[in-house]
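Step one of this worksheet: look at the structure below.
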Amino acid sequence: MSAHVAPGMPNYGHNTNTGMSNAKLMMWLFLGSECLLFGALISTYMLYKNRFNDLRDGIPNSGTAPHDVFDIPFTSASSFVLLMSSLTMVLALSAIVRGQEARFRGWTLTTVLLGSVFIASQIYEFTVMVEEGVGYTTNIASSAFFSLTGFHGVHVTIGIIMLMSLFVMNLQGKLKQEHSETVEIVGLYWHFVDIVWILIFTVVYLFPQ
Amino acid sequence: MAITEDKPLALESGEGPKVAERPLGAITRPQMETGWKSWFFTVDHKKIGIMYGVGSLLFFILGGIEALLIRIQLARPGQSFLSEDVYNQVFTMHGVTMVFLVIMPMAAAFANYLLPLQVGARDVAFPRLNAFSFWCWLSGSLFLNTSWFLGGAPDGGWFNYAPNSGVIFSPSNGIDFFSFGLQITGIASLVSAINLIVTVLNMRAPGMTLMKMPIFTWMMLVVQFLLLFAVPVITVALFLLIFDRSFDANFFNVQAGADPLLWQHLFWIFGHPEVYILILPAFGIISEIIPTFARKPIFGYPFMVASGIAIGFLGWGVWAHHMFASGIGPFSVAAFSVSTMFIAVPTGVKILNWLATMWGGRIRFTTPMLFSVGVISMFTIGGLSGVTHSISPSDTQQTDTYYIVAHFHYVIFGGALLGMFAGFYFWWPKCFGYKLNEKLGKANFWVMLIGFNLTFGPMHILGLQGMSRRIQSYTVDEGFNLWNFVVSIGAFIIAIGVALFIINIFYARSQFKNGKIPKSGPDPWDARSLEWSTASPTPVHNFDVDPVVTSQDDWWHRKWGEDENGRIVRIAHPEDIAQDGSAVGVHLPSPSYWPLLLSFALPFVAYAIIFSLWLVIPAGLALVASMYGWALEPADDPDKPHVHHEDHGDDTHGEAGDDGDAAAELVTAEPSAGDES
């Protein structure tokens, strides 16, 4: 029952009806919407993962499926790297909350690096798969695989761009202790993308084919 | 909190000397307050709402012309006014236009204009994102319609079933325009949904608890949640189609083993909530109008709210009733039949509540009330024919016949569109300061109602006779001649009704400008919600002082009370207690170029993917540049001298000044928090 805020003004939630700032509520709603996006993509993959007709002769499931060329230990390692980036994200937020700007930049850069390692691994994985004969248009299962993991990769990349923007803004002195909520909101996005990867990794790589 | 009405807004003037500012060193910030620039770069929710209204009415005329072309072709058997190919394009674009470019933005017009007013806020939570939603919708809509000149419009129906919409069956670029156009308007819907949810949940005036909000606000809140969760599903479906058509993926390639039902499921998981996205705004509008003109509070307020929420939930569990003839299996058919019957229950609750609201009221049959009663009666017919579809054996008989066409026009035209017209007549004085002409309005209603029933009533018969949808012609001896002719006449009568509305707009405007009709005052209808407690047209800052709400229909209770015998008596006149909009220097968000630039970068990315992949690079760079320009521009113009922002005029707590200073300082970094997505 509190008063409202001037539109466009940062308010950090101490005078909104829910007690949560507009920007943070917006991110939560956006992530809710993203659940359905990944839900639809994962459903499509589940439907299609065992359909790998050879397109030249049309014989059912005679082609190479994505799961024939998975390198599960390698992907497990890159998944571990991505999950660790959630830890460094938390440490970056914790640093900016305390006003330790150098430490914030360090952990943000570490998060960026870990995320980039994950993206690099994904690109390497895709390259290897294409070399082994499973390209985007090879069969339905491969189209579904590359679309699902590719969408996730794009999300991680956008997260990296946001984190780098935070890093630069802090260097320019535009992002200080009192703006820690901005970091928290980017962090929400980052953790969401990580959690989605846990789901995708389980469904795509660990479920029996 | 001690907030009194006579206390002016405790704000110093924000109108300092206007200094050009270059946030990126690229372009100066827009400063204009009149002329076309004041509309193009505005972030004011009221101007954006009016632009949504104008845009949707223009597309309504376009979609109506497409409907008339269809009816000319089908008026007589065996005609060749439109070729089969053009006919496919015209009926597809009629459907797409009416759903995505008319009803949805018309609802957005009302939502934008009214939601902040009804909850007692200055603006929406993210004013620039709001401008972005509008321009994004407009750029997507224009993009979609450029397909007419670039090789042909989409021809797969508004539902665009794949694999029928694959390259093999639809080799023109029309379907690509459909996919990208709906992606872009989808971004607009999603952003707008998030914005409005945050506004309603976070920015309500003191005392405005959720269960005191007007029903219109409630229904729009449900609609925004439906959009929030439905849009990403069609986004995925459209992406899969784009990947198939532009990058040779195989999602809908049946030869490669694809499932032809995948598109249908994804589309209808979006498409059925979409049906409620179309109808709930009209439900909200007439829930405001009927209590006003029946001069009674809405009957069963909690039930109205709960049934709206129930429709929102159940709307997710009925999608496969669009697919009864697709071979989804007896268990699915049975389950979705039952859920479809069930969803009629909350809708029926609403209809009974409207009737109970009118029951015993001293009803004034003004134009908005006539349209509202029209909605109840016509929607009930459409709703009942909808329940017949839940009986799957009968639905299997009627699938793809004109019976279905009759059904959804009764709910979408007879429900949603008539509701929007009711809203236009009702809120016109609030937006523009004068009423539309009542005589023309009533003529508009009756002509439209008669035309509507002549058009869509006989379609039931045609459908039961077995006339198929989406056919370009029929032969003399099929027995369809008479009713098709009647339907075509009815369509032109509707066109006359719409023309009367357009005439009314210009007539009332010239009457008002010549001083022949009076200013309508803040509250011409003796209405109930907060938007009527401020001046008409609404001042740019909405409220001079923030309203404080103590009860549901708070504004009405300030005008009417009970005497000692329990009789309702007027205790105040709206002119005396309404705010006059005279406050100056209220701090408002600043206009911006970026929403417009970003929105119009999007279609160029789409053109690039359709016509030449290399052009994606410059188009994408323009997109990224406008995103960064936006993110680095302060949400507020820092050159405007601003003091502390105690908008609610509450000086009682001491740290107010500190808060305000911090806020003034923080504006520079705020955009990056929310605006990147």
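So you can find residues: chains in the structure tokens are A, B, ... in the order shown, residues in each start at 1, and ligands are numbered from 1 in order.
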
Item to check | Residue list for chain A near chain B as number ranges by chain, 8 Å, only C-alpha atoms | outcome: A: 1-11, 16-27, 29-30, 32-34, 36-37, 40-41, 44, 48, 51-55, 58, 60, 136-137, 139-140, 143-144, 162, 174-175, 179, 181-183, 185-186

Checklist entry - Which neighbours of Met46 of chain A fall inside 10 Å, counting only C-alpha atoms, when residues of the same chain fewer than 4 positions from it are skipped, and could you give them as a VMD selection string? => result chain A and resid 40 to 42 50 141 144 to 145 203 to 204 209

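Among A:Ser94, A:Tyr189, A:Asn15, A:Val69, the residue with the shortest atom-to-atom distance to Glu131 of chain A, counting only C-alpha atoms, is A:Val69.
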
Checklist entry - Where does DSSP see alpha helix (DSSP H) in segment 342-456 of chain B, if you list the residues as a PyMOL selection string? => result chain B and resi 342-358+367-390+392-398+402-411+418-432+438-456

Checklist outcome for this item: Min atom-atom distance to Thr75 of chain A from the set A:Leu31, A:Ala120, A:Leu188, A:Met89, counting only C-alpha atoms, belongs to A:Ala120
